[in-house]
Amino acid sequence: MDTHAMLTALDSLSNEPIKLVINSPGGELDSALLLYDLLRTLKSPVTTLGYFCASAAVFLLGAGQKRYLMPHSKVMLHLPWGEGRGDAKQWDVIHREMAKYQEQVVSVLQECGAKRNREEILEDIDREFWLEPQEVIDYGLADEIVTPKIMQEWLGGPR
């Protein structure tokens, strides 16, 4: 069963919170955007906990209603990238599609709470843009750094 199907099944069973741990270097943008869309449409509240969130994985972190980071988490943003082949006309098509992806990245980061305007985000993501946990919170993409108390609640109470 894939992740989309599992999340949809969990959501249909009850509206208990869904806790999603993210430890990912990112990946294919279209797949990440589909999972982001799904997370944003579930009836169940989604809580995200980021360890290492790079590239498209940042969208998944940002999709949570509550968004936590570990004290030593790393987050990295960058422009979308891809490969292409073909003649000059095909390169024009590829260029247009990459420009659309770039605008989607900015839009989703703003939906996730980024406190920066389009131009500032584009400047930030022009190259790899690494953020420490408090910087991610200040940027608007997470809410809190995990404390022992939060971790106990995350795990379902005292142990």
# chains A, B, ... in the order shown; residues from 1 in each chain; ligands from 1
call {"tool": "select_by_dssp", "arguments": {"residues": "region 1-157 of chain A", "states": "strand (DSSP E)", "output": "MDAnalysis selection string"}}
result
chainID A and resid 18:24 46:54 66:77 129:131 144:145
call {"tool": "write_last_selection", "arguments": {"atoms": "N, CA and C atoms", "output": "compact mmCIF listing (two decimals), in the first residue's frame"}}
result
# COMPACT_ATOMS: atom_id res chain seq x y z
N ILE A 18 -2.86 12.42 12.82
CA ILE A 18 -1.88 11.65 12.06
C ILE A 18 -0.54 12.31 12.28
N LYS A 19 0.43 11.52 12.75
CA LYS A 19 1.77 12.03 13.04
C LYS A 19 2.72 11.56 11.95
N LEU A 20 3.35 12.50 11.31
CA LEU A 20 4.23 12.19 10.19
C LEU A 20 5.65 12.65 10.50
N VAL A 21 6.57 11.70 10.55
CA VAL A 21 7.98 12.00 10.77
C VAL A 21 8.64 12.13 9.41
N ILE A 22 9.36 13.23 9.21
CA ILE A 22 9.97 13.49 7.91
C ILE A 22 11.49 13.51 8.07
N ASN A 23 12.15 12.62 7.37
CA ASN A 23 13.60 12.53 7.32
C ASN A 23 13.94 12.22 5.88
N SER A 24 14.06 13.29 5.05
CA SER A 24 14.13 13.07 3.61
C SER A 24 14.97 14.13 2.92
N VAL A 46 -3.04 16.82 11.04
CA VAL A 46 -1.73 16.26 10.73
C VAL A 46 -0.68 17.04 11.50
N THR A 47 0.15 16.30 12.23
CA THR A 47 1.28 16.88 12.94
C THR A 47 2.54 16.36 12.27
N THR A 48 3.47 17.27 11.97
CA THR A 48 4.71 16.85 11.31
C THR A 48 5.89 17.08 12.25
N LEU A 49 6.85 16.19 12.16
CA LEU A 49 8.09 16.28 12.93
C LEU A 49 9.23 16.12 11.95
N GLY A 50 9.99 17.18 11.77
CA GLY A 50 11.09 17.15 10.82
C GLY A 50 12.42 16.85 11.46
N TYR A 51 13.15 15.92 10.88
CA TYR A 51 14.53 15.64 11.27
C TYR A 51 15.43 16.32 10.25
N PHE A 52 15.46 15.75 9.05
CA PHE A 52 16.18 16.34 7.92
C PHE A 52 15.14 16.55 6.83
N CYS A 53 14.92 17.79 6.46
CA CYS A 53 13.90 18.11 5.46
C CYS A 53 14.56 18.98 4.39
N ALA A 54 14.81 18.40 3.26
CA ALA A 54 15.44 19.14 2.18
C ALA A 54 14.54 19.13 0.96
N LYS A 66 0.34 21.28 13.12
CA LYS A 66 1.40 21.52 14.10
C LYS A 66 2.67 21.01 13.44
N ARG A 67 3.73 21.83 13.49
CA ARG A 67 4.97 21.49 12.78
C ARG A 67 6.15 21.62 13.72
N TYR A 68 6.78 20.50 14.01
CA TYR A 68 7.88 20.46 14.95
C TYR A 68 9.19 20.14 14.25
N LEU A 69 10.28 20.55 14.88
CA LEU A 69 11.63 20.20 14.44
C LEU A 69 12.41 19.68 15.63
N MET A 70 13.31 18.76 15.40
CA MET A 70 14.23 18.32 16.44
C MET A 70 15.25 19.44 16.66
N PRO A 71 15.88 19.49 17.83
CA PRO A 71 16.83 20.57 18.11
C PRO A 71 17.98 20.71 17.11
N HIS A 72 18.37 19.61 16.48
CA HIS A 72 19.48 19.66 15.52
C HIS A 72 19.03 19.35 14.09
N SER A 73 17.77 19.59 13.82
CA SER A 73 17.26 19.37 12.46
C SER A 73 17.95 20.29 11.46
N LYS A 74 17.94 19.86 10.22
CA LYS A 74 18.43 20.67 9.11
C LYS A 74 17.32 20.77 8.08
N VAL A 75 17.18 21.96 7.51
CA VAL A 75 16.19 22.19 6.45
C VAL A 75 16.91 22.91 5.32
N MET A 76 16.62 22.49 4.09
CA MET A 76 17.27 23.10 2.93
C MET A 76 16.25 23.35 1.82
N LEU A 77 16.27 24.57 1.32
CA LEU A 77 15.43 24.97 0.18
C LEU A 77 16.34 25.23 -1.02
N PHE A 129 19.80 26.75 0.30
CA PHE A 129 19.54 27.68 1.39
C PHE A 129 19.28 26.85 2.64
N TRP A 130 20.30 26.76 3.51
CA TRP A 130 20.24 25.91 4.69
C TRP A 130 19.75 26.71 5.89
N LEU A 131 18.87 26.09 6.67
CA LEU A 131 18.29 26.75 7.83
C LEU A 131 18.41 25.86 9.06
N GLU A 144 7.65 24.93 16.24
CA GLU A 144 8.28 24.73 17.54
C GLU A 144 9.40 23.71 17.44
N ILE A 145 10.40 23.87 18.33
CA ILE A 145 11.46 22.88 18.48
C ILE A 145 11.00 21.90 19.55
call {"tool": "select_by_dssp", "arguments": {"residues": "chain A", "states": "alpha helix (DSSP H)", "output": "JSON, numbers by chain"}}
result
{"A": [3, 4, 5, 6, 7, 8, 9, 10, 11, 12, 13, 29, 30, 31, 32, 33, 34, 35, 36, 37, 38, 39, 40, 41, 57, 58, 59, 60, 61, 62, 88, 89, 90, 91, 92, 93, 94, 95, 96, 97, 98, 99, 100, 101, 102, 103, 104, 105, 106, 107, 108, 109, 110, 111, 118, 119, 120, 121, 122, 123, 124, 133, 134, 135, 136, 137, 138, 139, 148, 149, 150, 151, 152, 153, 154, 155]}
call {"tool": "write_last_selection", "arguments": {"atoms": "C-alpha atoms", "output": "compact mmCIF listing (two decimals), in the first residue's frame"}}
result
# COMPACT_ATOMS: atom_id res chain seq x y z
CA THR A 3 1.69 6.41 1.35
CA HIS A 4 -1.30 8.15 -0.25
CA ALA A 5 -3.51 5.10 0.24
CA MET A 6 -2.36 4.59 3.84
CA LEU A 7 -3.04 8.21 4.79
CA THR A 8 -6.46 8.15 3.16
CA ALA A 9 -7.27 4.88 4.95
CA LEU A 10 -6.17 6.28 8.33
CA ASP A 11 -8.24 9.39 7.74
CA SER A 12 -11.33 7.33 6.92
CA LEU A 13 -11.03 5.19 10.08
CA LEU A 29 8.50 17.53 -7.13
CA ASP A 30 5.22 16.34 -8.64
CA SER A 31 5.01 13.42 -6.18
CA ALA A 32 5.78 15.67 -3.23
CA LEU A 33 3.15 18.18 -4.33
CA LEU A 34 0.53 15.42 -4.59
CA LEU A 35 1.34 14.22 -1.08
CA TYR A 36 1.30 17.84 0.16
CA ASP A 37 -2.16 18.32 -1.38
CA LEU A 38 -3.40 15.13 0.27
CA LEU A 39 -2.07 16.14 3.69
CA ARG A 40 -3.84 19.50 3.40
CA THR A 41 -7.20 17.89 2.56
CA ALA A 57 10.37 17.40 1.83
CA VAL A 58 10.01 20.94 3.23
CA PHE A 59 6.49 21.04 1.75
CA LEU A 60 5.56 17.97 3.79
CA LEU A 61 6.90 19.56 6.97
CA GLY A 62 4.93 22.71 6.20
CA ALA A 88 15.87 24.26 -29.32
CA LYS A 89 12.08 24.09 -29.39
CA GLN A 90 12.09 21.30 -26.82
CA TRP A 91 14.41 23.37 -24.62
CA ASP A 92 11.88 26.21 -24.80
CA VAL A 93 9.20 23.81 -23.52
CA ILE A 94 11.49 22.63 -20.72
CA HIS A 95 12.30 26.23 -19.77
CA ARG A 96 8.60 27.15 -19.55
CA GLU A 97 7.86 24.11 -17.40
CA MET A 98 10.76 24.87 -15.06
CA ALA A 99 9.48 28.45 -14.68
CA LYS A 100 6.07 27.01 -13.70
CA TYR A 101 7.71 24.72 -11.13
CA GLN A 102 9.61 27.67 -9.71
CA GLU A 103 6.36 29.59 -9.22
CA GLN A 104 4.75 26.52 -7.62
CA VAL A 105 7.62 26.26 -5.14
CA VAL A 106 7.20 29.91 -4.14
CA SER A 107 3.43 29.55 -3.88
CA VAL A 108 3.57 26.40 -1.74
CA LEU A 109 6.21 27.89 0.56
CA GLN A 110 3.90 30.86 1.08
CA GLU A 111 0.92 28.53 1.70
CA ARG A 118 8.01 36.16 -3.85
CA GLU A 119 11.21 38.05 -4.69
CA GLU A 120 12.77 37.31 -1.30
CA ILE A 121 11.96 33.61 -1.58
CA LEU A 122 13.39 33.47 -5.10
CA GLU A 123 16.57 35.12 -3.84
CA ASP A 124 16.77 32.69 -0.90
CA PRO A 133 15.57 25.00 13.49
CA GLN A 134 14.97 28.49 14.90
CA GLU A 135 15.57 29.99 11.45
CA VAL A 136 12.92 27.66 10.00
CA ILE A 137 10.46 28.82 12.67
CA ASP A 138 11.31 32.46 12.02
CA TYR A 139 10.87 31.84 8.27
CA PRO A 148 11.13 16.38 26.15
CA LYS A 149 7.53 17.26 27.13
CA ILE A 150 6.44 17.62 23.49
CA MET A 151 8.17 14.33 22.64
CA GLN A 152 6.31 12.54 25.45
CA GLU A 153 3.01 13.91 24.11
CA TRP A 154 4.06 12.91 20.59
CA LEU A 155 4.72 9.37 21.77
call {"tool": "atom_distance", "arguments": {"atom1": "CA of Ile125 (chain A)", "atom2": "CA of Val146 (chain A)"}}
result
25.9 Å
call {"tool": "atom_distance", "arguments": {"atom1": "CA of His78 (chain A)", "atom2": "CA of Asp2 (chain A)"}}
result
26.8 Å
call {"tool": "atom_distance", "arguments": {"atom1": "CA of Gly64 (chain A)", "atom2": "CA of Leu141 (chain A)"}}
result
9.6 Å
